[in-house]
Each structure stands twice: as C-alpha cells, then as structure tokens.
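Colleague: So I've got this file, start.txt, and it contains compact mmCIF, C-alpha atoms and all ligand atoms:
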# COMPACT_ATOMS: atom_id res chain seq x y z
CA MET T 4 -22.04 -7.04 -19.08
CA ILE T 5 -19.97 -4.43 -20.84
CA LYS T 6 -17.52 -2.83 -18.48
CA ARG T 7 -16.50 0.71 -19.25
CA LEU T 8 -12.91 0.14 -18.21
CA TRP T 9 -12.56 -2.66 -20.67
CA ALA T 10 -14.41 -0.93 -23.42
CA LYS T 11 -11.40 1.35 -23.75
CA LEU T 12 -9.12 -1.56 -24.46
CA GLY T 13 -8.74 -2.80 -27.97
CA LYS T 14 -8.89 -6.47 -28.87
CA SER T 15 -5.11 -6.47 -29.14
CA SER T 16 -4.81 -6.38 -25.36
CA LEU T 17 -6.66 -9.66 -24.98
CA PRO T 18 -4.44 -12.59 -24.11
CA THR T 19 -4.44 -15.05 -26.92
CA ALA T 20 -6.84 -17.90 -26.33
CA ASP T 21 -4.07 -20.45 -26.06
CA SER T 22 -1.93 -18.40 -23.68
CA LEU T 23 -4.01 -18.63 -20.49
CA THR T 24 -6.08 -21.38 -18.94
CA LEU T 25 -9.12 -19.66 -17.54
CA GLU T 26 -9.72 -22.48 -15.03
CA ASN T 27 -6.36 -21.82 -13.37
CA ILE T 28 -6.33 -18.10 -12.75
CA PRO T 29 -4.62 -17.17 -9.45
CA GLN T 30 -7.07 -15.96 -6.85
CA HIS T 31 -4.65 -13.50 -5.29
CA VAL T 32 -1.78 -11.73 -7.06
CA ALA T 33 0.58 -9.54 -5.05
CA ILE T 34 2.94 -7.09 -6.75
CA ILE T 35 6.07 -5.31 -5.59
CA MET T 36 5.91 -2.33 -7.93
CA ASP T 37 9.57 -1.42 -8.24
CA GLY T 38 11.84 0.54 -10.56
CA ASN T 39 10.03 3.87 -10.86
CA GLY T 40 13.14 5.85 -9.92
CA ARG T 41 15.46 4.04 -12.31
CA TRP T 42 12.94 4.30 -15.12
CA ALA T 43 12.88 8.07 -14.65
CA LYS T 44 16.65 8.35 -14.28
CA ASN T 45 17.19 6.52 -17.57
CA ARG T 46 15.10 9.18 -19.24
CA GLY T 47 16.82 12.10 -17.54
CA LEU T 48 13.68 12.78 -15.50
CA PRO T 49 13.32 13.35 -11.74
CA ARG T 50 12.48 10.22 -9.73
CA VAL T 51 8.99 11.49 -9.00
CA ALA T 52 8.20 11.41 -12.72
CA GLY T 53 8.65 7.67 -12.44
CA HIS T 54 6.19 7.49 -9.57
CA HIS T 55 3.69 9.52 -11.56
CA SER T 56 4.07 7.25 -14.54
CA GLY T 57 3.80 4.18 -12.31
CA MET T 58 0.30 5.27 -11.36
CA LYS T 59 -0.82 4.60 -14.92
CA THR T 60 0.55 1.08 -14.62
CA VAL T 61 -1.55 0.58 -11.49
CA LYS T 62 -4.62 1.36 -13.53
CA ARG T 63 -3.51 -0.83 -16.43
CA ILE T 64 -2.87 -3.84 -14.22
CA THR T 65 -6.05 -3.34 -12.22
CA ILE T 66 -8.03 -3.54 -15.44
CA ALA T 67 -6.09 -6.60 -16.59
CA ALA T 68 -6.57 -8.38 -13.25
CA ASP T 69 -10.27 -7.58 -13.13
CA ARG T 70 -10.71 -8.79 -16.66
CA LEU T 71 -9.10 -12.15 -15.86
CA GLY T 72 -11.34 -12.64 -12.85
CA ILE T 73 -8.55 -12.37 -10.29
CA LYS T 74 -10.23 -11.78 -6.94
CA TYR T 75 -7.48 -10.02 -4.96
CA LEU T 76 -4.75 -7.71 -6.24
CA THR T 77 -2.33 -6.45 -3.60
CA MET T 78 -0.01 -3.63 -4.63
CA TYR T 79 3.02 -2.70 -2.52
CA ALA T 80 2.93 1.08 -2.74
CA PHE T 81 5.00 2.25 0.24
CA SER T 82 6.98 0.27 2.79
CA THR T 83 7.68 1.08 6.43
CA GLU T 84 11.29 1.54 5.28
CA ASN T 85 10.45 4.02 2.51
CA TRP T 86 10.25 6.82 5.11
CA LYS T 87 14.05 6.83 4.88
CA ARG T 88 13.82 8.56 1.49
CA PRO T 89 14.17 12.34 1.04
CA LYS T 90 11.16 14.20 2.41
CA SER T 91 10.31 15.67 -0.99
CA GLU T 92 9.98 12.17 -2.50
CA VAL T 93 7.96 10.88 0.47
CA ASP T 94 5.64 13.89 0.21
CA PHE T 95 5.13 13.18 -3.47
CA LEU T 96 4.42 9.50 -2.84
CA MET T 97 1.90 10.38 -0.15
CA LYS T 98 -0.04 12.50 -2.64
CA LEU T 99 -0.36 9.67 -5.16
CA PRO T 100 -3.25 7.74 -3.56
CA GLN T 101 -5.29 10.93 -3.55
CA GLN T 102 -4.38 11.72 -7.16
CA PHE T 103 -5.05 8.17 -8.30
CA LEU T 104 -8.41 7.99 -6.57
CA GLU T 105 -9.50 11.45 -7.72
CA ILE T 106 -9.15 10.27 -11.30
CA GLU T 107 -10.14 6.62 -10.95
CA LEU T 108 -12.57 6.22 -8.07
CA ASP T 109 -15.77 6.65 -10.10
CA GLU T 110 -14.61 4.10 -12.60
CA LEU T 111 -13.52 1.70 -9.87
CA ILE T 112 -16.97 2.04 -8.31
CA SER T 113 -18.76 1.42 -11.58
CA ASN T 114 -16.64 -1.68 -12.12
CA ASN T 115 -17.57 -3.11 -8.71
CA VAL T 116 -13.96 -2.88 -7.45
CA GLN T 117 -13.47 -2.83 -3.68
CA VAL T 118 -10.58 -0.66 -2.48
CA ARG T 119 -8.70 -1.65 0.66
CA MET T 120 -5.60 -0.58 2.50
CA MET T 121 -3.12 -2.80 4.29
CA GLY T 122 -0.66 -0.95 6.51
CA THR T 123 -0.30 1.23 9.56
CA ARG T 124 -2.38 4.38 9.55
CA GLU T 125 0.00 6.01 12.02
CA LYS T 126 2.38 8.45 10.35
CA LEU T 127 0.29 8.72 7.18
CA PRO T 128 -0.64 12.32 6.35
CA GLN T 129 -4.27 13.26 6.87
CA HIS T 130 -4.93 13.88 3.16
CA THR T 131 -3.60 10.44 2.20
CA LEU T 132 -5.72 8.70 4.81
CA TYR T 133 -8.79 10.72 3.93
CA ALA T 134 -8.58 9.79 0.24
CA LEU T 135 -8.18 6.11 1.03
CA GLU T 136 -10.88 6.06 3.66
CA GLU T 137 -13.32 7.73 1.32
CA ALA T 138 -12.51 5.16 -1.37
CA MET T 139 -12.86 2.29 1.09
CA ARG T 140 -16.15 3.62 2.38
CA LYS T 141 -17.61 4.14 -1.09
CA THR T 142 -16.54 0.71 -2.34
CA ALA T 143 -17.09 -1.30 0.84
CA ASN T 144 -20.09 -3.16 -0.55
CA ASN T 145 -18.58 -3.87 -3.96
CA THR T 146 -18.17 -7.55 -4.71
CA GLY T 147 -15.69 -7.55 -7.61
CA LEU T 148 -11.91 -7.31 -7.60
CA VAL T 149 -10.39 -6.37 -4.25
CA LEU T 150 -7.70 -3.76 -4.90
CA ASN T 151 -5.56 -3.86 -1.79
CA PHE T 152 -2.94 -1.12 -1.40
CA ALA T 153 -0.06 -2.00 0.90
CA LEU T 154 0.77 1.46 2.18
CA ASN T 155 3.09 2.09 5.09
CA TYR T 156 3.27 -1.69 5.20
CA GLY T 157 6.08 -3.77 6.68
CA SER T 158 5.85 -7.48 7.24
CA ARG T 159 8.06 -7.63 10.32
CA MET T 160 6.06 -4.91 12.02
CA GLU T 161 2.84 -6.71 11.06
CA MET T 162 4.13 -9.97 12.56
CA LEU T 163 5.48 -8.31 15.71
CA ASP T 164 2.12 -6.63 16.30
CA ALA T 165 0.39 -10.00 15.84
CA VAL T 166 2.79 -11.73 18.24
CA LYS T 167 2.29 -9.03 20.87
CA GLU T 168 -1.48 -9.34 20.56
CA ILE T 169 -1.29 -13.12 20.88
CA ALA T 170 1.07 -12.90 23.87
CA LYS T 171 -1.37 -10.55 25.57
CA ASP T 172 -4.23 -12.97 24.95
CA VAL T 173 -2.19 -15.79 26.47
CA GLN T 174 -1.30 -13.63 29.46
CA GLU T 175 -4.95 -12.80 30.02
CA GLY T 176 -5.94 -16.43 29.66
CA HIS T 177 -8.02 -16.06 26.46
CA ILE T 178 -5.90 -18.61 24.60
CA THR T 179 -3.36 -21.26 25.57
CA VAL T 180 0.17 -21.53 24.18
CA ASP T 181 -0.83 -24.79 22.48
CA GLY T 182 -3.71 -22.98 20.82
CA ILE T 183 -1.27 -20.86 18.78
CA ASP T 184 -1.21 -22.25 15.24
CA ASP T 185 -0.96 -21.15 11.60
CA ALA T 186 -4.60 -20.16 11.44
CA LEU T 187 -4.42 -18.07 14.60
CA MET T 188 -1.32 -16.23 13.39
CA SER T 189 -2.90 -15.59 9.97
CA SER T 190 -6.02 -14.26 11.65
CA ARG T 191 -3.98 -11.65 13.52
CA LEU T 192 -2.25 -10.24 10.44
CA LEU T 193 -3.44 -7.24 8.44
CA SER T 194 -4.33 -9.66 5.63
CA CYS T 195 -6.60 -11.67 7.97
CA ASP T 196 -9.58 -11.71 5.60
CA ILE T 197 -7.59 -12.26 2.39
CA PRO T 198 -6.18 -15.60 1.24
CA ASP T 199 -2.39 -15.88 0.85
CA PRO T 200 -1.07 -14.70 -2.52
CA ASP T 201 -0.87 -17.42 -5.16
CA LEU T 202 1.55 -15.39 -7.21
CA LEU T 203 4.05 -12.68 -6.32
CA ILE T 204 5.37 -10.41 -9.06
CA ARG T 205 8.33 -8.08 -8.60
CA THR T 206 9.43 -5.69 -11.31
CA SER T 207 12.79 -3.94 -11.84
CA GLY T 208 15.16 -6.90 -11.60
CA GLU T 209 15.56 -6.93 -7.82
CA LEU T 210 15.39 -10.46 -6.44
CA ARG T 211 14.23 -9.85 -2.88
CA LEU T 212 11.07 -9.42 -0.85
CA SER T 213 11.89 -6.11 0.86
CA ASN T 214 9.81 -6.88 3.95
CA PHE T 215 6.66 -7.76 1.98
CA MET T 216 4.17 -10.38 3.23
CA LEU T 217 6.85 -12.71 4.58
CA TRP T 218 4.36 -14.97 6.35
CA GLN T 219 1.75 -14.96 3.59
CA LEU T 220 4.21 -15.73 0.77
CA ALA T 221 5.35 -19.03 2.31
CA TYR T 222 3.99 -21.07 -0.62
CA SER T 223 3.38 -18.42 -3.26
CA GLU T 224 4.88 -18.74 -6.72
CA LEU T 225 7.48 -16.02 -7.30
CA TRP T 226 7.94 -14.28 -10.64
CA PHE T 227 10.54 -11.61 -11.33
CA THR T 228 11.07 -9.39 -14.33
CA ASP T 229 13.72 -6.81 -15.24
CA VAL T 230 11.02 -4.51 -16.60
CA TYR T 231 10.59 -1.30 -14.58
CA TRP T 232 7.13 -0.72 -13.15
CA PRO T 233 6.20 2.27 -15.38
CA GLU T 234 6.74 0.15 -18.49
CA PHE T 235 5.09 -3.00 -17.14
CA THR T 236 2.12 -3.77 -19.40
CA ASP T 237 -0.84 -6.09 -19.35
CA LYS T 238 1.17 -8.32 -21.72
CA HIS T 239 3.89 -8.74 -19.10
CA PHE T 240 1.18 -9.43 -16.55
CA TYR T 241 -0.41 -12.12 -18.71
CA GLY T 242 3.08 -13.55 -19.22
CA ALA T 243 3.49 -13.87 -15.45
CA ILE T 244 0.14 -15.64 -15.15
CA GLN T 245 1.02 -17.94 -18.01
CA GLU T 246 4.24 -18.91 -16.23
CA TYR T 247 2.28 -19.40 -13.00
CA GLN T 248 -0.01 -21.80 -14.81
CA ARG T 249 2.98 -23.91 -15.83
CA ARG T 250 4.19 -24.34 -12.24
CA ALA T 251 3.38 -27.37 -10.11
CA ARG T 252 2.47 -26.29 -6.58
CA ARG T 253 3.31 -29.13 -4.24
CA TYR T 254 3.19 -27.54 -0.77
CA GLY T 255 5.77 -30.00 0.40
CA GLY T 256 3.87 -33.02 -0.90
CA LEU T 257 4.54 -35.11 -3.97
C1 LIG D 301 9.07 1.73 -6.47
O1 LIG D 301 10.03 2.38 -7.21
C2 LIG D 301 8.15 2.67 -5.74
C3 LIG D 301 8.39 2.74 -4.29
C4 LIG D 301 9.26 2.03 -3.61
C5 LIG D 301 7.58 3.66 -3.55
P1 LIG D 301 11.37 2.93 -6.57
O2 LIG D 301 11.15 4.31 -6.13
O3 LIG D 301 11.87 2.01 -5.52
O4 LIG D 301 12.31 2.91 -7.83
P2 LIG D 301 13.83 2.44 -7.85
O5 LIG D 301 13.88 1.06 -7.25
O6 LIG D 301 14.59 3.42 -7.05
O7 LIG D 301 14.19 2.44 -9.29
C1 LIG D 302 9.94 -2.14 -2.14
O1 LIG D 302 10.74 -1.43 -3.00
C2 LIG D 302 8.83 -1.28 -1.65
C3 LIG D 302 7.82 -0.92 -2.63
C4 LIG D 302 7.78 -1.32 -3.87
C5 LIG D 302 6.77 -0.08 -2.15
P1 LIG D 302 12.07 -0.70 -2.48
O2 LIG D 302 12.63 -0.02 -3.67
O3 LIG D 302 11.77 0.15 -1.31
O4 LIG D 302 12.97 -1.92 -2.02
P2 LIG D 302 14.53 -2.03 -1.84
O5 LIG D 302 14.98 -0.85 -1.03
O6 LIG D 302 15.14 -2.02 -3.20
O7 LIG D 302 14.73 -3.34 -1.15
MG MG D 303 13.06 0.41 -5.53
How does this structure look as structure tokens?
Ligand code: IPE
Ligand code: IPE
Ligand code: MG
Modeller:
Amino acid sequence: MIKRLWAKLGKSSLPTADSLTLENIPQHVAIIMDGNGRWAKNRGLPRVAGHHSGMKTVKRITIAADRLGIKYLTMYAFSTENWKRPKSEVDFLMKLPQQFLEIELDELISNNVQVRMMGTREKLPQHTLYALEEAMRKTANNTGLVLNFALNYGSRMEMLDAVKEIAKDVQEGHITVDGIDDALMSSRLLSCDIPDPDLLIRTSGELRLSNFMLWQLAYSELWFTDVYWPEFTDKHFYGAIQEYQRRARRYGGL
C-alpha cells in the first residue's frame, strides 16, 4: 500500500538495508523533545520560533516511526512543571497541538494513525483540549501507529494519583494490600493500555528524565543526543534505533 506521507519522502531518507534489523524494531519509543529554546536562541530567534520549528520534527519522526512499523510513539510535549514558564511561552505551547492537528490530522487519519493524549486535562485551555479530543475521536478506530502526546504530564503526579486510587480500593475492601503488585500499579497509570517504552530518546544534551515515565522506563534503553529537537532528523532517529538494536536487554538476568 502506498502511503501518502511516505510518498513525499525520497529514497535518500530510507535507512540503508544493513543499518536496521527489521525483526528487532522497538515496539514503543518515547521521546523527550528538548532544546527548542536553545536552538532558537542560537539563531537569534525568539524561543517560540524553536517550538514552531519543533512541530515539523514531530511530523518527520511520526512518519519515520510509522514507516519502521513502530507501534507506539510517545512524545513529551509539555510537563506539569512547564507551567512555571512565562505565560506568553505557555500560551504559545498550548496553541501548538491545535496548529499541528489542523495541518496534519487528515494525513494522520489517512495513514491509520491513532492519536492519544497522556496527561491531566485539568488546567489545559479549552481550545487545546478540543483539538486533541477531536483528533482522538476521529482516529479512535485507527489501527496503525499510536501517536501518544504527553501533555501536562508528570510522572510523580501520575504515580501519586495511582497510589491514592489503590489506597482507596484497599480501604473499601476491593483489593488487599498483598494484591498490590507491578501489574496492578501499571494498570492504574495513564499508560495503562500501552506497553512500557523499549527505547527512550532525549535530545538537546540534557542527561535527565525530567519527571517523564519514571515507572514505565524501569528497563527501557536510554539514548541521548546533543542535537536540538528542531534539527533532529529521521537519520538521527534511525541512528538511535540502530544503537538500540546493538544493546543486550537482560532485565536483571544473565
Ligand atoms: C522543549 O524545548 C519543549 C518543551 C519543554 C515544551 P525547551 O523549550 O525546553 O528548549 P530548551 O531546553 O529551553 O532549549
Ligand atoms: C522536559 O523538558 C519536558 C518536555 C520536553 C516537554 P524541560 O526542558 O522542561 O526539562 P528540564 O527543565 O530541562 O529538566
Ligand atoms: Mg528544555
């Protein structure tokens, strides 16, 4: 089947045959998209220009992930701590989902992509929520790549909410303390119906998790690059996957 998204890409964007093993493609890739502000600053542009440019990278990497047959792509777009930024920047960031979906939704639909959101709806402006909910509704039955936006997401808040819910269930006698295990905890997180990430990518040279999927990343492979998100290309992405394929995942065994 010829996919319109891919039709736009030249052959040059294909990974070379010997660079990736198609049998060992990660099922779930999570990305901390970082460095938009610094990218803009280096060019004498306002920070928001970096966010605008970063949107194009989202599209680029969505296409690349879809093309490789990755099933879940989680993109950290806004953290629960990002509200600390100046209001003008937050306002700009909150308009991006709408802008992105206005341009891309039809193409996402025709490529069988399912859009999801992982985060707290509270505090999100109405227009941001509306755009995402429309996209989720229109793509709910799609069976291809799951494009999961972590928006107003914070791992500690996610875990605290899960713990409170579990505590309440214990209090009300629905579960016993001994019944609390890994699977139960996972099932109470916002990512409950998504497998843990196999690979985490962070751009911009920062070597930290910044409150992202702390529970789910327990055994994920981590890959960092100095490249800023707006200049992150499908080649960099394939490079990360290639490195992933060289790793031995032992999960504590031998
Ligand atoms: C990532 O880029 C986007 C968000 C956090 C929303 P930054 O805005 O953090 O860019 P830097 O890290 O300041 O360069
Ligand atoms: C993490 O980046 C959040 C997102 C990419 C959405 P930050 O730029 O907010 O992280 P810190 O502040 O450098 O840890
Ligand atoms: Mg940053």
Colleague: Output the neighbourhood of ligand LIG 302 (chain D) as number ranges by chain, that is, all protein and nucleic acid residues with some atom at most 6 Å from the ligand, counting all atoms listed in the file.
Modeller: T: 35-37, 79-82, 85, 213
Colleague: Would you mind reading off the distance between atom CA of Leu203 of chain T and atom CA of Gln245 of chain T, one decimal, in Å?
Modeller: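 Between atom CA of Leu203 of chain T and atom CA of Gln245 of chain T the gap is 13.2 Å.
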Colleague: Just how far from atom CA of Arg250 of chain T is atom CA of Leu212 of chain T, in Å to one decimal?
Modeller: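 Value for the atom CA of Leu212 of chain T-atom CA of Arg250 of chain T distance: 20.0 Å.
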Colleague: Do you know which residues lie at most 9 Å from (13.0, -1.0, -13.1), with coordinates as in the file and only C-alpha atoms counted, and could you write them as a list of chain:residue names?
Modeller: T:Met36, T:Asp37, T:Gly38, T:Asn39, T:Gly40, T:Arg41, T:Trp42, T:Thr206, T:Ser207, T:Gly208, T:Glu209, T:Thr228, T:Asp229, T:Val230, T:Tyr231, T:Trp232, T:Pro233, T:Glu234
Colleague: Ranking T:Gln219, T:Gln117, T:Thr65, T:Asn214 by minimum distance to Ala186 of chain T and counting only C-alpha atoms, which one comes first?
Modeller: T:Gln219
Colleague: Could you name the residues that touch segment 134-147 of chain T at 7 Å or less, counting only C-alpha atoms, but leaving out those on the same chain fewer than 6 positions away, as a PyMOL selection string?
Modeller: chain T and resi 74+100-101+108+112+115-119
Colleague: Choose the residue, out of T:Ile204, T:Met162, T:Val61, T:Met78, that has the smallest atom-to-atom separation from Arg191 of chain T; count all atoms listed in the file.
Modeller: T:Met162
Colleague: May I have the residues at most 9 Å from (-6.8, -16.1, -14.4) in the file's coordinates, counting all atoms listed in the file, as a list in words?
Modeller: Leu23, Thr24, Leu25, Glu26, Asn27, Ile28, Pro29, Gln30, Ala68, Arg70, Leu71, Gly72, Ile73, Tyr241, Ile244, Gln245 and Gln248 of chain T
Colleague: Pick the closest to Ile34 of chain T from T:Glu246, T:Glu92, T:Asp201, T:Glu107: which is it, counting all atoms listed in the file?
Modeller: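 Under the stated criterion, the closest residue is T:Asp201.
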Colleague: By how many Å are atom CA of Asn151 of chain T and atom CA of Tyr75 of chain T apart?
Modeller: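 Interatomic distance here is 7.2 Å.
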Colleague: Would you pick out the contacts of Pro200 of chain T at 10 Å or less, using all atoms listed in the file, so that residues sharing its chain but fewer than 6 positions from it are not included, and give the list as a list in words?
Modeller: Pro29, Gln30, His31, Val32, Ala33, Ile34, Tyr75, Leu76, Thr77, Met216, Gln219, Leu220, Ala221, Tyr222, Ser223, Glu224 and Leu225 of chain T
Colleague: For Lys98 of chain T, list every protein, DNA or RNA residue within 10 Å, evaluated using only C-alpha atoms, and leave out those in the same chain fewer than 4 positions away; present the list as a ChimeraX atom specification.
Modeller: /T:93-94,102-103,128,130-131,134
Colleague: Would you please work out which residue, of T:Arg252, T:Lys167, T:Arg205, T:Lys90, is nearest to Met188 of chain T when using all atoms listed in the file?
Modeller: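 Under the stated criterion, the closest residue is T:Lys167.
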Colleague: Rank nothing, just name the residue among T:Gly242, T:Gly122, T:Gly176, T:Gly182 nearest to Asp164 of chain T, using all atoms listed in the file.
Modeller: T:Gly122
Colleague: Counting all atoms listed in the file, which of T:Ile169, T:Met121, T:Leu210, T:Ala243 gets nearest to ligand MG 303 (chain D)?
Modeller: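 Result for the nearest residue to ligand MG 303 (chain D): T:Leu210.
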